[in-house]
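Chemist: Can you read through this structure? Questions will come right after.
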Amino acid sequence: MLKKDIIIDMSEVEVRAALLENGRVVEFFFERVTESRLAGNIFKGMVENVLPGIQSAFVNTGFDKNAFLFIGDILFDEKGKTKTIEQILKPGQEIIVQVAKEPMGTKGARVTTKITLPGRYVVLMPGMNSVGVSHRISSPEERDKLKKLVEKIKPDNMGVIVRTVAESKSHEEIKEDIESLIRLWNRIQKKSELLSAPSVLYEEASLIYTLVRDVVDDEVA
């Protein structure tokens with residue numbers, strides 16, 4: 001039987017955590033208290049310049065280095081229509097972006113307009129319509145049941161990925177998780193209406209909180 005443990009070491013300057021499966025480290029997590037994590041954070045940014053040659057744009061999110069937005073990371077409104085970066089974005093345009101990759105060295109963060117909001121049982125994807133189920137849920141019956149359940153609950157224009165920990169959870173638990181994430185997205189949108197770019201709309205929770213949300217399940221001792 002699989003036995004999972006989480007070991008956390010906290011000091012004034014850093015937090016380190018390890019996920020063990022049957023005594024072996026399978027994942028390691030690290031966060032410096034003095035350095036804020038950007039991945040997962042959502043910003044109202046301003047397009048600084050558009051680069052047609054590499055189908056990308058630089059977006060001012062309020063940091064020293066502008067963030068990089070590639071056309072493949074842009075959520076399109078119109079389905080099936082091929083567009084170029086210069087047809088979608090113009091310098092001075094304000095857009096909501098999420099950090100997909102932390103800045104490194106001389107490079108700024110990589111951002112996307114394909115927003116994902118992780119909850120306990122699901123991940124909400126505003127502006128999309130697909131429903132996916134974690135491949136770690138192996139039972140075809142359970143996968144089918146969860147997919148049908150989420151398709152009934154979710155509003156139009158919202159995509160959902162069902163997480164592994166949703167297996168065997170009740171209709172109400174999953175519904176509450178989706179509704180909570182929808183409320184969060186509504187708050188982010190309202191904040192965006194009130195603030196001008198560049199500004200922070202949402203900050204990902206601390207390492208300990210995300211560990212509890214993402215890793216803790218019935219198998220954790």
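Going by the structure tokens order, chains are called A, B, ..., each with residues numbered from 1, while ligands are numbered from 1 in the order shown.
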Which residues come within 12 Å of Lys65 in chain A, counting only C-alpha atoms, excluding same-chain residues fewer than 5 positions away, as a list in words?
Modeler: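 Answer for this query is Glu48, Phe58, Val59, Asn60, Glu102, Pro103, Met104, Gly105, Thr106, Lys107, Gly108, Ala109 and Arg110 of chain A.
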Chemist: Write a file of the selected residues as an mmCIF file, in the first residue's frame, keeping N, CA and C atoms.
Modeler:
```
data_model
loop_
_atom_site.group_PDB
_atom_site.id
_atom_site.type_symbol
_atom_site.label_atom_id
_atom_site.label_comp_id
_atom_site.auth_asym_id
_atom_site.auth_seq_id
_atom_site.Cartn_x
_atom_site.Cartn_y
_atom_site.Cartn_z
ATOM 1 N N GLU A 48 3.583 46.734 -24.280
ATOM 2 C CA GLU A 48 4.603 47.743 -24.556
ATOM 3 C C GLU A 48 4.958 47.765 -26.039
ATOM 4 N N PHE A 58 5.753 42.146 -25.734
ATOM 5 C CA PHE A 58 6.254 42.401 -24.384
ATOM 6 C C PHE A 58 5.183 43.175 -23.628
ATOM 7 N N VAL A 59 4.944 42.720 -22.380
ATOM 8 C CA VAL A 59 3.860 43.287 -21.571
ATOM 9 C C VAL A 59 4.434 43.844 -20.276
ATOM 10 N N ASN A 60 4.094 45.087 -19.970
ATOM 11 C CA ASN A 60 4.517 45.721 -18.723
ATOM 12 C C ASN A 60 3.578 45.282 -17.604
ATOM 13 N N GLU A 102 8.522 31.790 -14.196
ATOM 14 C CA GLU A 102 9.236 32.813 -13.430
ATOM 15 C C GLU A 102 10.306 33.491 -14.294
ATOM 16 N N PRO A 103 10.625 34.765 -13.997
ATOM 17 C CA PRO A 103 11.733 35.410 -14.709
ATOM 18 C C PRO A 103 13.055 34.733 -14.354
ATOM 19 N N MET A 104 13.983 34.670 -15.302
ATOM 20 C CA MET A 104 15.297 34.060 -15.064
ATOM 21 C C MET A 104 16.388 34.896 -15.702
ATOM 22 N N GLY A 105 17.389 35.256 -14.904
ATOM 23 C CA GLY A 105 18.516 36.023 -15.431
ATOM 24 C C GLY A 105 18.063 37.336 -16.054
ATOM 25 N N THR A 106 18.390 37.489 -17.332
ATOM 26 C CA THR A 106 18.030 38.734 -18.027
ATOM 27 C C THR A 106 16.631 38.676 -18.636
ATOM 28 N N LYS A 107 15.997 37.506 -18.543
ATOM 29 C CA LYS A 107 14.670 37.339 -19.148
ATOM 30 C C LYS A 107 13.560 37.649 -18.153
ATOM 31 N N GLY A 108 12.533 38.337 -18.644
ATOM 32 C CA GLY A 108 11.366 38.595 -17.814
ATOM 33 C C GLY A 108 10.486 37.351 -17.723
ATOM 34 N N ALA A 109 9.417 37.472 -16.980
ATOM 35 C CA ALA A 109 8.491 36.347 -16.823
ATOM 36 C C ALA A 109 7.802 36.029 -18.148
ATOM 37 N N ARG A 110 7.394 34.781 -18.307
ATOM 38 C CA ARG A 110 6.570 34.404 -19.464
ATOM 39 C C ARG A 110 5.127 34.399 -18.996
#
```
Chemist: Near Lys114 in chain A, counting only C-alpha atoms, which residues have an atom at most 9 Å away, once you skip same-chain residues fewer than 2 positions from it, shown as a VMD selection string?
Modeler: chain A and resid 73 to 75 97 to 98 111 to 112 116 125 to 128
Chemist: Export N, CA and C atoms of the chosen residues as a PDB file, in the first residue's frame?
Modeler:
```pdb
ATOM      1  N   ASP A  73       0.241  31.448 -26.450  1.00  0.00           N
ATOM      2  CA  ASP A  73      -0.251  31.562 -25.077  1.00  0.00           C
ATOM      3  C   ASP A  73      -1.416  32.551 -24.961  1.00  0.00           C
ATOM      4  N   ILE A  74      -1.983  32.904 -26.104  1.00  0.00           N
ATOM      5  CA  ILE A  74      -3.119  33.843 -26.100  1.00  0.00           C
ATOM      6  C   ILE A  74      -4.422  33.082 -26.325  1.00  0.00           C
ATOM      7  N   LEU A  75      -5.420  33.380 -25.504  1.00  0.00           N
ATOM      8  CA  LEU A  75      -6.739  32.777 -25.649  1.00  0.00           C
ATOM      9  C   LEU A  75      -7.522  33.573 -26.682  1.00  0.00           C
ATOM     10  N   VAL A  97      -3.189  39.081 -17.723  1.00  0.00           N
ATOM     11  CA  VAL A  97      -2.244  37.983 -17.986  1.00  0.00           C
ATOM     12  C   VAL A  97      -1.905  37.267 -16.675  1.00  0.00           C
ATOM     13  N   GLN A  98      -1.495  36.013 -16.826  1.00  0.00           N
ATOM     14  CA  GLN A  98      -1.061  35.211 -15.682  1.00  0.00           C
ATOM     15  C   GLN A  98       0.376  34.749 -15.923  1.00  0.00           C
ATOM     16  N   VAL A 111       4.253  35.050 -19.749  1.00  0.00           N
ATOM     17  CA  VAL A 111       2.855  35.169 -19.327  1.00  0.00           C
ATOM     18  C   VAL A 111       1.907  34.575 -20.366  1.00  0.00           C
ATOM     19  N   THR A 112       0.684  34.382 -19.947  1.00  0.00           N
ATOM     20  CA  THR A 112      -0.352  33.822 -20.810  1.00  0.00           C
ATOM     21  C   THR A 112      -1.680  34.520 -20.518  1.00  0.00           C
ATOM     22  N   THR A 116      -5.680  30.093 -15.447  1.00  0.00           N
ATOM     23  CA  THR A 116      -6.072  28.872 -14.726  1.00  0.00           C
ATOM     24  C   THR A 116      -6.127  29.193 -13.236  1.00  0.00           C
ATOM     25  N   MET A 125     -10.862  27.301 -15.794  1.00  0.00           N
ATOM     26  CA  MET A 125     -10.200  27.980 -16.914  1.00  0.00           C
ATOM     27  C   MET A 125     -11.194  28.935 -17.586  1.00  0.00           C
ATOM     28  N   PRO A 126     -11.250  30.181 -17.106  1.00  0.00           N
ATOM     29  CA  PRO A 126     -12.190  31.156 -17.683  1.00  0.00           C
ATOM     30  C   PRO A 126     -11.950  31.360 -19.170  1.00  0.00           C
ATOM     31  N   GLY A 127     -13.050  31.452 -19.918  1.00  0.00           N
ATOM     32  CA  GLY A 127     -12.958  31.710 -21.356  1.00  0.00           C
ATOM     33  C   GLY A 127     -12.851  30.461 -22.198  1.00  0.00           C
ATOM     34  N   MET A 128     -12.703  29.308 -21.564  1.00  0.00           N
ATOM     35  CA  MET A 128     -12.634  28.049 -22.312  1.00  0.00           C
ATOM     36  C   MET A 128     -13.920  27.250 -22.078  1.00  0.00           C
TER      37      MET A 128
END
```
Chemist: Write out as a PyMOL selection string all residues of range 24-215 of chain A that DSSP puts in strand (DSSP E) for this structure's backbone.
Modeler: chain A and resi 24-32+42-51+56-60+67-70+94-101+110-112+117-118+122-126+131-133+158-162+199-202
Chemist: Please identify the helix (DSSP H, G or I) residues within range 132-190 of chain A (assignment by DSSP from backbone atoms) and present them as number ranges by chain.
Modeler: A: 140-153, 164-166, 171-190
Chemist: Take the residues from that selection and write them out as a PDB file, in the first residue's frame, keeping C-alpha atoms.
Modeler:
```pdb
ATOM      1  CA  PRO A 140     -13.268   4.718 -16.768  1.00  0.00           C
ATOM      2  CA  GLU A 141     -16.570   4.719 -14.840  1.00  0.00           C
ATOM      3  CA  GLU A 142     -15.312   7.292 -12.322  1.00  0.00           C
ATOM      4  CA  ARG A 143     -13.831   9.465 -15.085  1.00  0.00           C
ATOM      5  CA  ASP A 144     -17.094   9.390 -17.026  1.00  0.00           C
ATOM      6  CA  LYS A 145     -19.147  10.145 -13.903  1.00  0.00           C
ATOM      7  CA  LEU A 146     -16.960  13.133 -12.954  1.00  0.00           C
ATOM      8  CA  LYS A 147     -16.959  14.529 -16.489  1.00  0.00           C
ATOM      9  CA  LYS A 148     -20.753  14.378 -16.735  1.00  0.00           C
ATOM     10  CA  LEU A 149     -21.126  15.919 -13.286  1.00  0.00           C
ATOM     11  CA  VAL A 150     -18.871  18.880 -14.100  1.00  0.00           C
ATOM     12  CA  GLU A 151     -20.533  19.439 -17.490  1.00  0.00           C
ATOM     13  CA  LYS A 152     -23.864  19.883 -15.665  1.00  0.00           C
ATOM     14  CA  ILE A 153     -22.455  22.237 -13.027  1.00  0.00           C
ATOM     15  CA  THR A 164      -7.066  13.520  -8.898  1.00  0.00           C
ATOM     16  CA  VAL A 165      -8.319  14.287  -5.370  1.00  0.00           C
ATOM     17  CA  ALA A 166     -11.873  14.690  -6.739  1.00  0.00           C
ATOM     18  CA  HIS A 171     -21.589  16.305  -6.041  1.00  0.00           C
ATOM     19  CA  GLU A 172     -21.832  19.071  -3.398  1.00  0.00           C
ATOM     20  CA  GLU A 173     -18.090  19.177  -2.645  1.00  0.00           C
ATOM     21  CA  ILE A 174     -17.182  19.560  -6.317  1.00  0.00           C
ATOM     22  CA  LYS A 175     -19.987  22.078  -6.921  1.00  0.00           C
ATOM     23  CA  GLU A 176     -18.825  24.212  -3.980  1.00  0.00           C
ATOM     24  CA  ASP A 177     -15.244  24.177  -5.289  1.00  0.00           C
ATOM     25  CA  ILE A 178     -16.334  25.326  -8.764  1.00  0.00           C
ATOM     26  CA  GLU A 179     -18.597  28.052  -7.349  1.00  0.00           C
ATOM     27  CA  SER A 180     -15.803  29.296  -5.075  1.00  0.00           C
ATOM     28  CA  LEU A 181     -13.444  29.621  -8.059  1.00  0.00           C
ATOM     29  CA  ILE A 182     -16.110  31.414 -10.121  1.00  0.00           C
ATOM     30  CA  ARG A 183     -16.510  33.936  -7.270  1.00  0.00           C
ATOM     31  CA  LEU A 184     -12.728  34.401  -7.224  1.00  0.00           C
ATOM     32  CA  TRP A 185     -12.672  35.045 -10.994  1.00  0.00           C
ATOM     33  CA  ASN A 186     -15.504  37.567 -10.645  1.00  0.00           C
ATOM     34  CA  ARG A 187     -13.506  39.408  -7.958  1.00  0.00           C
ATOM     35  CA  ILE A 188     -10.427  39.448 -10.216  1.00  0.00           C
ATOM     36  CA  GLN A 189     -12.466  40.903 -13.096  1.00  0.00           C
ATOM     37  CA  LYS A 190     -14.023  43.588 -10.857  1.00  0.00           C
TER      38      LYS A 190
END
```
Chemist: List as a ChimeraX atom specification the protein and nucleic acid residues near range 12-27 of chain A, meaning an atom at most 10 Å away when only C-alpha atoms are counted, but skip any in the same chain fewer than 4 places from it.
Modeler: /A:1-8,31-35,206-208,211,215-216,219-220
Chemist: Between CA of Val212 in chain A and CA of Met10 in chain A, what distance in Å does the model show, to one decimal?
Modeler: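 Taking CA of Val212 in chain A as the start and CA of Met10 in chain A as the end point, the length is 15.2 Å.
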Chemist: List the spatial neighbours of range 131-134 of chain A as a list in words - criterion: any atom at most 6 Å away, only C-alpha atoms, same-chain residues fewer than 2 positions off excluded.
Modeler: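 What passes the distance filter is Arg136, Ile137, Gly159, Val160, Ile161, Val162, Arg163 and Thr164 of chain A.
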Chemist: Could you write out that same residue set with N, CA and C atoms as an mmCIF file, in the first residue's frame?
Modeler:
```cif
data_model
loop_
_atom_site.group_PDB
_atom_site.id
_atom_site.type_symbol
_atom_site.label_atom_id
_atom_site.label_comp_id
_atom_site.auth_asym_id
_atom_site.auth_seq_id
_atom_site.Cartn_x
_atom_site.Cartn_y
_atom_site.Cartn_z
ATOM 1 N N ARG A 136 -4.685 10.457 -13.757
ATOM 2 C CA ARG A 136 -4.366 9.589 -12.620
ATOM 3 C C ARG A 136 -5.611 8.940 -12.018
ATOM 4 N N ILE A 137 -6.786 9.407 -12.453
ATOM 5 C CA ILE A 137 -8.023 8.695 -12.091
ATOM 6 C C ILE A 137 -8.205 7.617 -13.150
ATOM 7 N N GLY A 159 -13.930 26.563 -18.703
ATOM 8 C CA GLY A 159 -13.370 25.224 -18.796
ATOM 9 C C GLY A 159 -13.025 24.702 -17.416
ATOM 10 N N VAL A 160 -13.009 23.390 -17.260
ATOM 11 C CA VAL A 160 -12.706 22.781 -15.952
ATOM 12 C C VAL A 160 -11.831 21.548 -16.162
ATOM 13 N N ILE A 161 -10.795 21.421 -15.347
ATOM 14 C CA ILE A 161 -10.023 20.182 -15.258
ATOM 15 C C ILE A 161 -10.293 19.582 -13.883
ATOM 16 N N VAL A 162 -10.710 18.335 -13.857
ATOM 17 C CA VAL A 162 -10.995 17.656 -12.591
ATOM 18 C C VAL A 162 -9.692 17.067 -12.061
ATOM 19 N N ARG A 163 -9.351 17.393 -10.812
ATOM 20 C CA ARG A 163 -8.095 16.940 -10.222
ATOM 21 C C ARG A 163 -8.237 15.529 -9.642
ATOM 22 N N THR A 164 -7.092 14.895 -9.406
ATOM 23 C CA THR A 164 -7.066 13.520 -8.898
ATOM 24 C C THR A 164 -7.821 13.378 -7.581
#
```
Chemist: Select, from A:Ser196, A:Ser138, A:Ser56, A:Thr210, the residue with the minimum atom-to-atom distance to Glu86 in chain A, counting only C-alpha atoms.
Modeler: A:Ser56
Chemist: Residues within 10 Å of Asn41 in chain A, please, as a VMD selection string. Count only C-alpha atoms; anything in the same chain fewer than 4 positions from it doesn't count.
Modeler: chain A and resid 37 97 to 100 111 115 117 200 to 205
Chemist: Please produce a file of those selected residues containing N, CA and C atoms, as a PDB file, in the first residue's frame.
Modeler:
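Output (result_10.pdb):
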```pdb
ATOM      1  N   ARG A  37       7.023  34.564  -5.025  1.00  0.00           N
ATOM      2  CA  ARG A  37       6.834  33.759  -6.238  1.00  0.00           C
ATOM      3  C   ARG A  37       5.899  34.497  -7.177  1.00  0.00           C
ATOM      4  N   VAL A  97      -3.189  39.081 -17.723  1.00  0.00           N
ATOM      5  CA  VAL A  97      -2.244  37.983 -17.986  1.00  0.00           C
ATOM      6  C   VAL A  97      -1.905  37.267 -16.675  1.00  0.00           C
ATOM      7  N   GLN A  98      -1.495  36.013 -16.826  1.00  0.00           N
ATOM      8  CA  GLN A  98      -1.061  35.211 -15.682  1.00  0.00           C
ATOM      9  C   GLN A  98       0.376  34.749 -15.923  1.00  0.00           C
ATOM     10  N   VAL A  99       1.193  34.770 -14.879  1.00  0.00           N
ATOM     11  CA  VAL A  99       2.587  34.340 -15.022  1.00  0.00           C
ATOM     12  C   VAL A  99       2.641  32.818 -15.134  1.00  0.00           C
ATOM     13  N   ALA A 100       3.186  32.344 -16.263  1.00  0.00           N
ATOM     14  CA  ALA A 100       3.325  30.908 -16.500  1.00  0.00           C
ATOM     15  C   ALA A 100       4.708  30.419 -16.115  1.00  0.00           C
ATOM     16  N   VAL A 111       4.253  35.050 -19.749  1.00  0.00           N
ATOM     17  CA  VAL A 111       2.855  35.169 -19.327  1.00  0.00           C
ATOM     18  C   VAL A 111       1.907  34.575 -20.366  1.00  0.00           C
ATOM     19  N   ILE A 115      -5.992  31.894 -18.513  1.00  0.00           N
ATOM     20  CA  ILE A 115      -5.977  31.909 -17.052  1.00  0.00           C
ATOM     21  C   ILE A 115      -6.401  30.552 -16.485  1.00  0.00           C
ATOM     22  N   LEU A 117      -7.239  28.818 -12.607  1.00  0.00           N
ATOM     23  CA  LEU A 117      -7.413  29.042 -11.168  1.00  0.00           C
ATOM     24  C   LEU A 117      -7.570  27.693 -10.476  1.00  0.00           C
ATOM     25  N   VAL A 200      -1.442  44.412  -9.825  1.00  0.00           N
ATOM     26  CA  VAL A 200      -1.626  43.014  -9.411  1.00  0.00           C
ATOM     27  C   VAL A 200      -3.110  42.769  -9.151  1.00  0.00           C
ATOM     28  N   LEU A 201      -3.643  41.708  -9.765  1.00  0.00           N
ATOM     29  CA  LEU A 201      -5.058  41.370  -9.564  1.00  0.00           C
ATOM     30  C   LEU A 201      -5.241  40.169  -8.634  1.00  0.00           C
ATOM     31  N   TYR A 202      -4.230  39.296  -8.605  1.00  0.00           N
ATOM     32  CA  TYR A 202      -4.344  38.082  -7.789  1.00  0.00           C
ATOM     33  C   TYR A 202      -2.949  37.531  -7.533  1.00  0.00           C
ATOM     34  N   GLU A 203      -2.702  37.132  -6.276  1.00  0.00           N
ATOM     35  CA  GLU A 203      -1.421  36.520  -5.933  1.00  0.00           C
ATOM     36  C   GLU A 203      -1.641  35.097  -5.466  1.00  0.00           C
ATOM     37  N   GLU A 204      -0.845  34.182  -6.018  1.00  0.00           N
ATOM     38  CA  GLU A 204      -0.917  32.778  -5.632  1.00  0.00           C
ATOM     39  C   GLU A 204      -0.584  32.648  -4.144  1.00  0.00           C
ATOM     40  N   ALA A 205      -1.215  31.689  -3.479  1.00  0.00           N
ATOM     41  CA  ALA A 205      -1.040  31.518  -2.038  1.00  0.00           C
ATOM     42  C   ALA A 205       0.366  31.032  -1.705  1.00  0.00           C
TER      43      ALA A 205
END
```
Chemist: Report the distance between CA of Pro118 in chain A and CA of Gly72 in chain A in Å, rounded to one decimal place.
Modeler: 21.3 Å
Chemist: Which residue, A:Leu124, A:Asp217, A:Ala39, A:Ile96, has the smallest gap to Lys191 in chain A when you use only C-alpha atoms?
Modeler: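 Smallest separation from Lys191 in chain A among the options: A:Ile96.
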Chemist: Pick the closest to Ile95 in chain A from A:Pro155, A:Ile42, A:Phe28, A:Asp218: which is it, counting only C-alpha atoms?
Modeler: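 Of all the options, A:Ile42 lies closest to Ile95 in chain A.
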Chemist: So, with only C-alpha atoms as the atoms that count, which of A:Val123, A:Val47, A:Leu195, A:Leu89 lies closest to Asn66 in chain A?
Modeler: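 Residue with the minimum atom-to-atom distance to Asn66 in chain A: A:Val47.
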